[in-house]
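Q: One structure follows; several queries about it will come next.
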2 protein chains.
Amino acid sequence: MSSTTERSTERSTERRAPLTRARVLQTAADLADTAGIDALTIRRLAERLGVEPMSLYYHVPNKEAILDGTIEVVFTEIEEAVGGFAVPETDAAWKASLRERILTARTVMLRHPWAPGVMDTRAQLGLTAARYVDSVVGTLRSGGLSFDLIHHAMHALGSRMYGFSQELGEPEDESADSAAMEQMAEHVPHLAAMLSVVRHVDPDSTLGWCDDQFEFEFGLDIILDGLERLARNA
Amino acid sequence: MSSTTERSTERSTERRAPLTRARVLQTAADLADTAGIDALTIRRLAERLGVEPMSLYYHVPNKEAILDGTIEVVFTEIEEAVGGFAVPETDAAWKASLRERILTARTVMLRHPWAPGVMDTRAQLGLTAARYVDSVVGTLRSGGLSFDLIHHAMHALGSRMYGFSQELGEPEDESADSAAMEQMAEHVPHLAAMLSVVRHVDPDSTLGWCDDQFEFEFGLDIILDGLERLARNA
DNA sequence: ACCTGAACACCGTTCAAGT
DNA sequence: ACCTGAACACCGTTCAAGT
């Protein structure tokens with residue numbers, strides 16, 4: 001099994017690119033995409049890379065750095081998707097520009113549903129994520145907002161700025177959700193009433209009760225409209 | 001060491017209340033409060049309870065149930081803090097009522113900084129959390145909003161409804177944050193400019209750059225004001 | 001009914017070594 | 001310079017047993 005025959009699929013030097021930091025991080029993100037974030041362990045990652053677990057430590061200091069790296073991979077995708085992070089000096093249509101950038105970021109986030117959860121556990125912003133945030137600040141600035149208002153705006157947007165709302169994570173088991181709700185319906189009369197109405201309005205949404213895309217835009221627009229109003233009255 | 005002398009601190013039947021589900025969950029929340037969420041392991045929890053790890057499994061099916069239970073503990077505290085979840089049928093001051101309930105919930109969340117992160121990983125709402133959400137729905141209903149608008153409102157509020165914004169987690173290391181930002185200042189000119197202005201405005205905030213309470217209310221008010229406007233135009 | 005002990009299948013990581 | 005093997009200190013959990 002440790003034979004050095006040329007047809008060994010694991011050891012053939014032609015089949016495997018050399019191990020690099022970039023390949024480790026890209027493969028980590030791929031693994032999370034295909035097998036879920038819980039499957040992203042040092043040992044399983046090494047296996048997918050055709051290498052021993054300890055080999056990773058030569059390219060990366062520890063698991064935290066791998067998680068940081070997967071977020072970096074995601075924001076690099078966002079950078080491509082939005083056509084770079086450059087912003088004009090002034091932009092009368094700042095609101096539309098920002099809205100579009102955020103909704104584009106969201107399409108990338110939807111491909112990596114583990115990313116929001118991992119981002120929540122990061123202590124600091126990586127470079128590419130910071131450059132994304134910078135472009136958001138720059139766009140608000142191009143609309144003439146004061147830095148003070150911009151600062152508040154960042155807090156008001158929160159993670160919505162990155163294109164996800166809390167619930168993006170995973171719906172997972174809609175019918176269990178529905179069943180659990182019915183179980184406690186008598187204890188939550190208002191909630192139950194709301195759901196029965198909403199479900200009636202949109203009986204066969206593919207996403208359970210809610211059209212997540214619509215809801216995301218609804219919340220985003222409330223905030224952007226509110227910021228615009230504050231900027232006008234300043 | 002397994003002597004049955006009466007002065008054994010671990011085994012004395014007088015010193016230790018009987019193990020119950022409620023005591024397991026309350027102690028789990030206490031452990032997370034005092035030692036951090038990472039310290040909440042079955043083994044350490046058992047140790048704090050003066051019991052063997054496997055004993056917990058008699059009262060609770062697995063670790064997920066323990067995490068569910070700690071959230072239940074938190075929302076029970078919120079229920080007390082807000083004086084119960086009952087809401088009037090109609091309430092002209094619905095916006096002020098809701099604002100106050102959310103800000104009170106926030107004071108509880110601030111005592112349990114691990115709770116937002118744990119909530120993010122819960123698949124479903126527990127009963128007490130659901131009853132809290134029900135009171136939010138009820139209050140919006142008491143203001144005459146349609147169930148459809150209420151449904152959108154819930155999405156717009158997101159986790160803000162529970163009294164936390166994404167960043168509540170832990171500031172942890174403000175100076176490292178600051179240092180990291182300076183490191184990449186040239187790559188994030190807009191962000192750096194904003195921070196230098198904001199820092200100047202509030203040079204010695206106890207919470208790093210930001211007054212989190214102010215920012216939380218700012219974002220909350222933008223959303224509540226937007227909802228009010230939509231309700232009026234309906 | 002309530003608690004335990006030994007064991008299993010996993011983790012991330014250290015350290016000293018191989019090529 | 002790059003990768004590995006053995007070992008350590010942890011996890012959550014099963015299963016069969018004790019009282």
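Here's how to read the names in the structure tokens: chain A, B, ... by the order shown, residue numbers from 1 in each chain, ligand numbers from 1 in the order shown.
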Would you list the contacts of range 2-9 of chain C as a ChimeraX atom specification, taking every protein, DNA or RNA residue within 10 Å and counting only C-alpha atoms (C1' of nucleotides), but skipping same-chain residues closer than 5 positions in sequence?

A: /B:19,51-59 /D:12-19

Q: Using only N, CA and C atoms (P, O5', C5', C4', C3', O3' and C1' of nucleotides), please write the residues we just selected to a file, as a PDB file, in the first residue's frame.

A:
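Result went into part18.pdb, see below:
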```
ATOM      1  N   LEU B  19     -29.518  15.964  41.229  1.00  0.00           N
ATOM      2  CA  LEU B  19     -29.360  16.310  39.819  1.00  0.00           C
ATOM      3  C   LEU B  19     -30.739  16.313  39.157  1.00  0.00           C
ATOM      4  N   VAL B  51     -20.467  15.280  39.643  1.00  0.00           N
ATOM      5  CA  VAL B  51     -21.086  14.069  39.150  1.00  0.00           C
ATOM      6  C   VAL B  51     -20.252  13.532  37.989  1.00  0.00           C
ATOM      7  N   GLU B  52     -20.422  12.295  37.624  1.00  0.00           N
ATOM      8  CA  GLU B  52     -19.681  11.746  36.490  1.00  0.00           C
ATOM      9  C   GLU B  52     -20.323  12.192  35.173  1.00  0.00           C
ATOM     10  N   PRO B  53     -19.524  12.383  34.137  1.00  0.00           N
ATOM     11  CA  PRO B  53     -20.046  12.858  32.843  1.00  0.00           C
ATOM     12  C   PRO B  53     -21.289  12.104  32.374  1.00  0.00           C
ATOM     13  N   MET B  54     -21.262  10.792  32.505  1.00  0.00           N
ATOM     14  CA  MET B  54     -22.360  10.005  31.952  1.00  0.00           C
ATOM     15  C   MET B  54     -23.684  10.205  32.680  1.00  0.00           C
ATOM     16  N   SER B  55     -23.610  10.718  33.882  1.00  0.00           N
ATOM     17  CA  SER B  55     -24.838  10.937  34.661  1.00  0.00           C
ATOM     18  C   SER B  55     -25.755  11.948  33.985  1.00  0.00           C
ATOM     19  N   LEU B  56     -25.168  12.886  33.265  1.00  0.00           N
ATOM     20  CA  LEU B  56     -25.976  13.924  32.612  1.00  0.00           C
ATOM     21  C   LEU B  56     -26.945  13.311  31.608  1.00  0.00           C
ATOM     22  N   TYR B  57     -26.520  12.200  31.006  1.00  0.00           N
ATOM     23  CA  TYR B  57     -27.333  11.611  29.944  1.00  0.00           C
ATOM     24  C   TYR B  57     -28.640  11.017  30.457  1.00  0.00           C
ATOM     25  N   TYR B  58     -28.721  10.908  31.746  1.00  0.00           N
ATOM     26  CA  TYR B  58     -30.013  10.445  32.276  1.00  0.00           C
ATOM     27  C   TYR B  58     -31.051  11.567  32.230  1.00  0.00           C
ATOM     28  N   HIS B  59     -30.591  12.801  32.331  1.00  0.00           N
ATOM     29  CA  HIS B  59     -31.509  13.939  32.416  1.00  0.00           C
ATOM     30  C   HIS B  59     -31.672  14.700  31.114  1.00  0.00           C
TER      31      HIS B  59
ATOM     32  P    DG D  12     -18.026  17.686  25.001  1.00  0.00           P
ATOM     33  O5'  DG D  12     -18.813  16.613  24.131  1.00  0.00           O
ATOM     34  C5'  DG D  12     -19.189  16.952  22.808  1.00  0.00           C
ATOM     35  C4'  DG D  12     -19.740  15.718  22.105  1.00  0.00           C
ATOM     36  C3'  DG D  12     -20.979  15.136  22.779  1.00  0.00           C
ATOM     37  O3'  DG D  12     -21.922  14.791  21.767  1.00  0.00           O
ATOM     38  C1'  DG D  12     -19.255  13.494  22.675  1.00  0.00           C
ATOM     39  P    DT D  13     -23.346  14.200  22.101  1.00  0.00           P
ATOM     40  O5'  DT D  13     -23.017  12.638  22.218  1.00  0.00           O
ATOM     41  C5'  DT D  13     -22.452  11.983  21.103  1.00  0.00           C
ATOM     42  C4'  DT D  13     -22.234  10.524  21.411  1.00  0.00           C
ATOM     43  C3'  DT D  13     -23.413   9.837  22.122  1.00  0.00           C
ATOM     44  O3'  DT D  13     -23.888   8.819  21.254  1.00  0.00           O
ATOM     45  C1'  DT D  13     -21.321   9.232  23.065  1.00  0.00           C
ATOM     46  P    DT D  14     -25.180   7.951  21.585  1.00  0.00           P
ATOM     47  O5'  DT D  14     -24.603   6.482  21.802  1.00  0.00           O
ATOM     48  C5'  DT D  14     -23.651   5.962  20.873  1.00  0.00           C
ATOM     49  C4'  DT D  14     -23.268   4.540  21.300  1.00  0.00           C
ATOM     50  C3'  DT D  14     -24.415   3.798  21.980  1.00  0.00           C
ATOM     51  O3'  DT D  14     -24.616   2.567  21.341  1.00  0.00           O
ATOM     52  C1'  DT D  14     -22.482   3.789  23.370  1.00  0.00           C
ATOM     53  P    DC D  15     -25.383   1.266  21.569  1.00  0.00           P
ATOM     54  O5'  DC D  15     -24.427   0.053  22.001  1.00  0.00           O
ATOM     55  C5'  DC D  15     -23.141   0.251  22.555  1.00  0.00           C
ATOM     56  C4'  DC D  15     -22.936  -0.564  23.835  1.00  0.00           C
ATOM     57  C3'  DC D  15     -24.188  -1.250  24.399  1.00  0.00           C
ATOM     58  O3'  DC D  15     -23.862  -2.580  24.776  1.00  0.00           O
ATOM     59  C1'  DC D  15     -23.164   0.065  26.078  1.00  0.00           C
ATOM     60  P    DA D  16     -24.999  -3.666  25.194  1.00  0.00           P
ATOM     61  O5'  DA D  16     -24.332  -4.217  26.517  1.00  0.00           O
ATOM     62  C5'  DA D  16     -22.905  -4.270  26.634  1.00  0.00           C
ATOM     63  C4'  DA D  16     -22.511  -4.224  28.094  1.00  0.00           C
ATOM     64  C3'  DA D  16     -23.428  -5.068  29.000  1.00  0.00           C
ATOM     65  O3'  DA D  16     -22.633  -5.743  29.992  1.00  0.00           O
ATOM     66  C1'  DA D  16     -23.370  -2.859  29.778  1.00  0.00           C
ATOM     67  P    DA D  17     -23.328  -6.798  31.001  1.00  0.00           P
ATOM     68  O5'  DA D  17     -23.405  -5.934  32.319  1.00  0.00           O
ATOM     69  C5'  DA D  17     -22.188  -5.718  32.985  1.00  0.00           C
ATOM     70  C4'  DA D  17     -22.303  -4.539  33.892  1.00  0.00           C
ATOM     71  C3'  DA D  17     -22.980  -4.854  35.208  1.00  0.00           C
ATOM     72  O3'  DA D  17     -21.963  -5.290  36.128  1.00  0.00           O
ATOM     73  C1'  DA D  17     -23.389  -2.620  34.414  1.00  0.00           C
ATOM     74  P    DG D  18     -22.173  -5.480  37.635  1.00  0.00           P
ATOM     75  O5'  DG D  18     -21.457  -4.144  38.175  1.00  0.00           O
ATOM     76  C5'  DG D  18     -21.453  -3.871  39.531  1.00  0.00           C
ATOM     77  C4'  DG D  18     -22.101  -2.511  39.782  1.00  0.00           C
ATOM     78  C3'  DG D  18     -22.936  -2.447  41.053  1.00  0.00           C
ATOM     79  O3'  DG D  18     -22.120  -1.956  42.117  1.00  0.00           O
ATOM     80  C1'  DG D  18     -23.937  -1.198  39.256  1.00  0.00           C
ATOM     81  P    DT D  19     -22.484  -2.364  43.563  1.00  0.00           P
ATOM     82  O5'  DT D  19     -23.791  -1.523  43.905  1.00  0.00           O
ATOM     83  C5'  DT D  19     -23.682  -0.252  44.530  1.00  0.00           C
ATOM     84  C4'  DT D  19     -25.043   0.412  44.529  1.00  0.00           C
ATOM     85  C3'  DT D  19     -26.026  -0.228  45.514  1.00  0.00           C
ATOM     86  O3'  DT D  19     -26.117   0.579  46.690  1.00  0.00           O
ATOM     87  C1'  DT D  19     -27.039   0.388  43.415  1.00  0.00           C
TER      88       DT D  19
END
```

Q: Have a look at CA of Gly69 in chain A and CA of Ala86 in chain A and let me know their distance in Å, one decimal.

A: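 For CA of Gly69 in chain A relative to CA of Ala86 in chain A, the distance reads 22.7 Å.
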
Q: Using only C-alpha atoms, what table do you get, as JSON lines, when you list each residue of chain A with an atom no more than 7 Å from chain B, its nearest pair of atoms, and their distance in Å rounded to one decimal, rows by chain then rising number?

A:
```
{"residue": "A:Gln124", "atom": "CA", "partner": "B:Asp177", "partner_atom": "CA", "distance": 6.5}
{"residue": "A:Ala130", "atom": "CA", "partner": "B:Val188", "partner_atom": "CA", "distance": 6.8}
{"residue": "A:Arg131", "atom": "CA", "partner": "B:Val188", "partner_atom": "CA", "distance": 5.6}
{"residue": "A:Asp134", "atom": "CA", "partner": "B:Leu191", "partner_atom": "CA", "distance": 5.0}
{"residue": "A:Val137", "atom": "CA", "partner": "B:His190", "partner_atom": "CA", "distance": 5.9}
{"residue": "A:Gly138", "atom": "CA", "partner": "B:His190", "partner_atom": "CA", "distance": 5.4}
{"residue": "A:Phe147", "atom": "CA", "partner": "B:Met194", "partner_atom": "CA", "distance": 5.2}
{"residue": "A:Asp148", "atom": "CA", "partner": "B:Val198", "partner_atom": "CA", "distance": 6.2}
{"residue": "A:His152", "atom": "CA", "partner": "B:Glu215", "partner_atom": "CA", "distance": 6.2}
{"residue": "A:His155", "atom": "CA", "partner": "B:Glu215", "partner_atom": "CA", "distance": 6.1}
{"residue": "A:Ala156", "atom": "CA", "partner": "B:Gly219", "partner_atom": "CA", "distance": 4.1}
{"residue": "A:Gly158", "atom": "CA", "partner": "B:Gln166", "partner_atom": "CA", "distance": 6.3}
{"residue": "A:Ser159", "atom": "CA", "partner": "B:Gln166", "partner_atom": "CA", "distance": 6.6}
{"residue": "A:Ser165", "atom": "CA", "partner": "B:Gly158", "partner_atom": "CA", "distance": 6.9}
{"residue": "A:Gln166", "atom": "CA", "partner": "B:Gly158", "partner_atom": "CA", "distance": 6.3}
{"residue": "A:Asp177", "atom": "CA", "partner": "B:Gln124", "partner_atom": "CA", "distance": 6.5}
{"residue": "A:His187", "atom": "CA", "partner": "B:Arg131", "partner_atom": "CA", "distance": 6.7}
{"residue": "A:Val188", "atom": "CA", "partner": "B:Asp134", "partner_atom": "CA", "distance": 5.3}
{"residue": "A:His190", "atom": "CA", "partner": "B:Gly138", "partner_atom": "CA", "distance": 5.4}
{"residue": "A:Leu191", "atom": "CA", "partner": "B:Asp134", "partner_atom": "CA", "distance": 4.9}
{"residue": "A:Met194", "atom": "CA", "partner": "B:Phe147", "partner_atom": "CA", "distance": 5.2}
{"residue": "A:Val197", "atom": "CA", "partner": "B:Phe147", "partner_atom": "CA", "distance": 6.7}
{"residue": "A:Val198", "atom": "CA", "partner": "B:Asp148", "partner_atom": "CA", "distance": 6.2}
{"residue": "A:Glu215", "atom": "CA", "partner": "B:His155", "partner_atom": "CA", "distance": 6.1}
{"residue": "A:Phe218", "atom": "CA", "partner": "B:Ala156", "partner_atom": "CA", "distance": 6.8}
{"residue": "A:Gly219", "atom": "CA", "partner": "B:Ala156", "partner_atom": "CA", "distance": 4.1}
{"residue": "A:Ile222", "atom": "CA", "partner": "B:Gly226", "partner_atom": "CA", "distance": 5.7}
{"residue": "A:Ile223", "atom": "CA", "partner": "B:Ile222", "partner_atom": "CA", "distance": 6.3}
{"residue": "A:Gly226", "atom": "CA", "partner": "B:Ile222", "partner_atom": "CA", "distance": 5.7}
```

Q: May I have the residues within 12 Å of Thr107 in chain A as a list of chain:residue names, using only C-alpha atoms (C1' of nucleotides) and disregarding those fewer than 6 positions away in the same chain?

A: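 Near Thr107 in chain A, the qualifying residues are A:Val74, A:Phe75, A:Glu77, A:Ile78, A:Ala81, A:Val82, A:Glu100, A:Arg101, A:Pro113, A:Tyr162, A:Gly163, A:Phe164, A:Leu168, A:Gln213, A:Phe216.
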
Q: May I have a table of the residues of chain A lying at most 12 Å from chain C, giving each one's closest pair of atoms and their distance in Å to one decimal, counting only C-alpha atoms (C1' of nucleotides), ordered by chain and ascending residue number, as CSV?

A:
```
residue,atom,partner,partner_atom,distance
A:Asp38,CA,C:DC11,C1',11.4
A:Ala39,CA,C:DC11,C1',11.5
A:Leu40,CA,C:DC11,C1',11.3
A:Thr41,CA,C:DC11,C1',8.1
A:Ile42,CA,C:DG12,C1',7.7
A:Arg43,CA,C:DC11,C1',8.8
A:Arg44,CA,C:DC11,C1',11.0
A:Pro53,CA,C:DG12,C1',10.2
A:Met54,CA,C:DT13,C1',9.0
A:Leu56,CA,C:DT13,C1',11.6
A:Tyr57,CA,C:DT13,C1',9.4
A:Pro61,CA,C:DT13,C1',10.3
A:Asn62,CA,C:DG12,C1',8.3
A:Lys63,CA,C:DG12,C1',7.7
A:Glu64,CA,C:DG12,C1',10.5
```

Q: Those residues with all heavy atoms, as a short mmCIF file (atom, residue, chain, number, x, y, z; two decimals), in the first residue's frame please?

A:
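The resulting file, part.cif, is shown below:
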```cif
data_model
loop_
_atom_site.label_atom_id
_atom_site.label_comp_id
_atom_site.auth_asym_id
_atom_site.auth_seq_id
_atom_site.Cartn_x
_atom_site.Cartn_y
_atom_site.Cartn_z
N ASP A 38 -19.01 21.21 9.29
CA ASP A 38 -18.57 20.26 10.32
C ASP A 38 -17.56 19.25 9.77
O ASP A 38 -16.80 18.65 10.53
CB ASP A 38 -19.78 19.50 10.90
CG ASP A 38 -20.62 20.39 11.80
OD1 ASP A 38 -20.15 21.48 12.18
OD2 ASP A 38 -21.76 19.99 12.12
N ALA A 39 -17.61 19.07 8.46
CA ALA A 39 -16.68 18.13 7.83
C ALA A 39 -15.31 18.75 7.62
O ALA A 39 -14.35 18.06 7.26
CB ALA A 39 -17.24 17.64 6.50
N LEU A 40 -15.22 20.05 7.82
CA LEU A 40 -13.93 20.72 7.64
C LEU A 40 -13.07 20.53 8.88
O LEU A 40 -13.05 21.36 9.79
CB LEU A 40 -14.16 22.22 7.35
CG LEU A 40 -12.90 23.08 7.21
CD1 LEU A 40 -11.89 22.46 6.27
CD2 LEU A 40 -13.26 24.48 6.74
N THR A 41 -12.39 19.37 8.92
CA THR A 41 -11.44 19.11 10.00
C THR A 41 -10.07 18.97 9.35
O THR A 41 -9.96 18.68 8.16
CB THR A 41 -11.77 17.80 10.76
OG1 THR A 41 -11.56 16.68 9.89
CG2 THR A 41 -13.22 17.81 11.25
N ILE A 42 -9.06 19.19 10.18
CA ILE A 42 -7.69 19.07 9.67
C ILE A 42 -7.48 17.71 9.01
O ILE A 42 -6.92 17.59 7.93
CB ILE A 42 -6.68 19.23 10.84
CG1 ILE A 42 -6.83 20.60 11.49
CG2 ILE A 42 -5.28 18.95 10.37
CD1 ILE A 42 -5.96 21.67 10.93
N ARG A 43 -7.99 16.69 9.68
CA ARG A 43 -7.75 15.34 9.20
C ARG A 43 -8.44 15.05 7.87
O ARG A 43 -7.88 14.44 6.95
CB ARG A 43 -8.19 14.33 10.26
CG ARG A 43 -7.26 14.28 11.46
CD ARG A 43 -7.93 13.64 12.66
NE ARG A 43 -7.03 12.81 13.46
CZ ARG A 43 -6.38 13.23 14.53
NH1 ARG A 43 -6.50 14.47 14.93
NH2 ARG A 43 -5.60 12.40 15.19
N ARG A 44 -9.68 15.50 7.75
CA ARG A 44 -10.40 15.25 6.50
C ARG A 44 -9.89 16.13 5.36
O ARG A 44 -9.91 15.72 4.20
CB ARG A 44 -11.89 15.51 6.70
CG ARG A 44 -12.52 14.46 7.61
CD ARG A 44 -13.93 14.14 7.18
NE ARG A 44 -14.86 14.25 8.29
CZ ARG A 44 -16.19 14.11 8.16
NH1 ARG A 44 -16.70 13.87 6.97
NH2 ARG A 44 -16.97 14.23 9.20
N PRO A 53 -2.17 14.61 7.85
CA PRO A 53 -2.68 15.78 8.58
C PRO A 53 -1.59 16.78 8.95
O PRO A 53 -1.76 17.98 8.77
CB PRO A 53 -3.29 15.15 9.84
CG PRO A 53 -3.72 13.80 9.40
CD PRO A 53 -2.73 13.36 8.37
N MET A 54 -0.47 16.29 9.43
CA MET A 54 0.55 17.19 9.94
C MET A 54 1.21 18.04 8.87
O MET A 54 1.80 19.07 9.15
CB MET A 54 1.61 16.41 10.73
CG MET A 54 1.09 15.86 12.03
SD MET A 54 0.18 17.09 12.99
CE MET A 54 -1.49 16.55 12.70
N LEU A 56 -0.20 19.88 6.77
CA LEU A 56 -0.87 21.19 6.64
C LEU A 56 -0.18 22.25 7.48
O LEU A 56 -0.14 23.42 7.12
CB LEU A 56 -2.33 21.08 7.05
CG LEU A 56 -3.17 20.06 6.28
CD1 LEU A 56 -4.63 20.21 6.66
CD2 LEU A 56 -3.01 20.24 4.78
N TYR A 57 0.36 21.79 8.63
CA TYR A 57 0.94 22.76 9.56
C TYR A 57 2.20 23.43 9.02
O TYR A 57 2.67 24.41 9.58
CB TYR A 57 1.23 22.10 10.92
CG TYR A 57 -0.03 21.89 11.74
CD1 TYR A 57 -0.83 20.77 11.57
CD2 TYR A 57 -0.43 22.85 12.65
CE1 TYR A 57 -1.98 20.59 12.30
CE2 TYR A 57 -1.59 22.68 13.40
CZ TYR A 57 -2.36 21.54 13.21
OH TYR A 57 -3.51 21.39 13.94
N PRO A 61 -0.64 28.01 10.19
CA PRO A 61 -0.27 27.82 11.60
C PRO A 61 -1.23 26.96 12.41
O PRO A 61 -0.81 26.23 13.30
CB PRO A 61 -0.21 29.25 12.16
CG PRO A 61 -1.02 30.07 11.23
CD PRO A 61 -0.90 29.43 9.88
N ASN A 62 -2.53 27.06 12.11
CA ASN A 62 -3.48 26.26 12.88
C ASN A 62 -4.85 26.32 12.20
O ASN A 62 -5.00 26.91 11.13
CB ASN A 62 -3.59 26.79 14.32
CG ASN A 62 -3.79 28.29 14.33
OD1 ASN A 62 -4.52 28.84 13.50
ND2 ASN A 62 -3.15 28.95 15.26
N LYS A 63 -5.84 25.71 12.83
CA LYS A 63 -7.14 25.63 12.19
C LYS A 63 -7.82 26.99 12.05
O LYS A 63 -8.51 27.25 11.07
CB LYS A 63 -8.06 24.68 12.97
CG LYS A 63 -9.38 24.53 12.24
CD LYS A 63 -10.24 23.40 12.71
CE LYS A 63 -11.50 23.35 11.86
NZ LYS A 63 -12.49 22.42 12.40
N GLU A 64 -7.63 27.84 13.03
CA GLU A 64 -8.20 29.19 12.95
C GLU A 64 -7.77 29.88 11.66
O GLU A 64 -8.56 30.54 11.00
CB GLU A 64 -7.76 30.03 14.15
CG GLU A 64 -8.43 29.64 15.46
CD GLU A 64 -9.93 29.88 15.41
OE1 GLU A 64 -10.34 31.04 15.36
OE2 GLU A 64 -10.69 28.89 15.41
#
```
